[in-house]
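Student: Encoded as structure tokens, here's the structure I'll be asking about.
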Amino acid sequence: METKAPQKTESKSDPKTIRASVSFPNDLYETLEKIAKEKKVSVAWIVRDAAEKYVNEQWPLLAGRG
């Protein structure tokens, strides 16, 4: 998985968010698309949810800060 430095562009909907560009292997992205379709949400939502769960699992004292 390849990541790039986050852009410093603020979101129009939430000025506290940062846009990041992430590259996924094709098979992983296809799986993310299937999950998103089943849940009727965007791939971005699935990725944010997974990232939040990962951080909460790795650093429980920071849970709820996102």
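Order determines the names: the first chain of the structure tokens is A, the second B, and so forth; residues in each chain are numbered 1 upward, and ligands are numbered 1 upward as they are shown.
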Extract, using only C-alpha atoms, all DNA, RNA and protein residues at most 12 Å from stretch 36-45 of chain A, discarding same-chain residues fewer than 6 positions from it, and format them as a PyMOL selection string.
Tutor: chain A and resi 19-22+24+28-30+51-52
Student: What is the distance, in Å and to one decimal place, between atom CA of A:Lys53 and atom CA of A:Asp27?
Tutor: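 Going from atom CA of A:Lys53 over to atom CA of A:Asp27 covers 21.6 Å.
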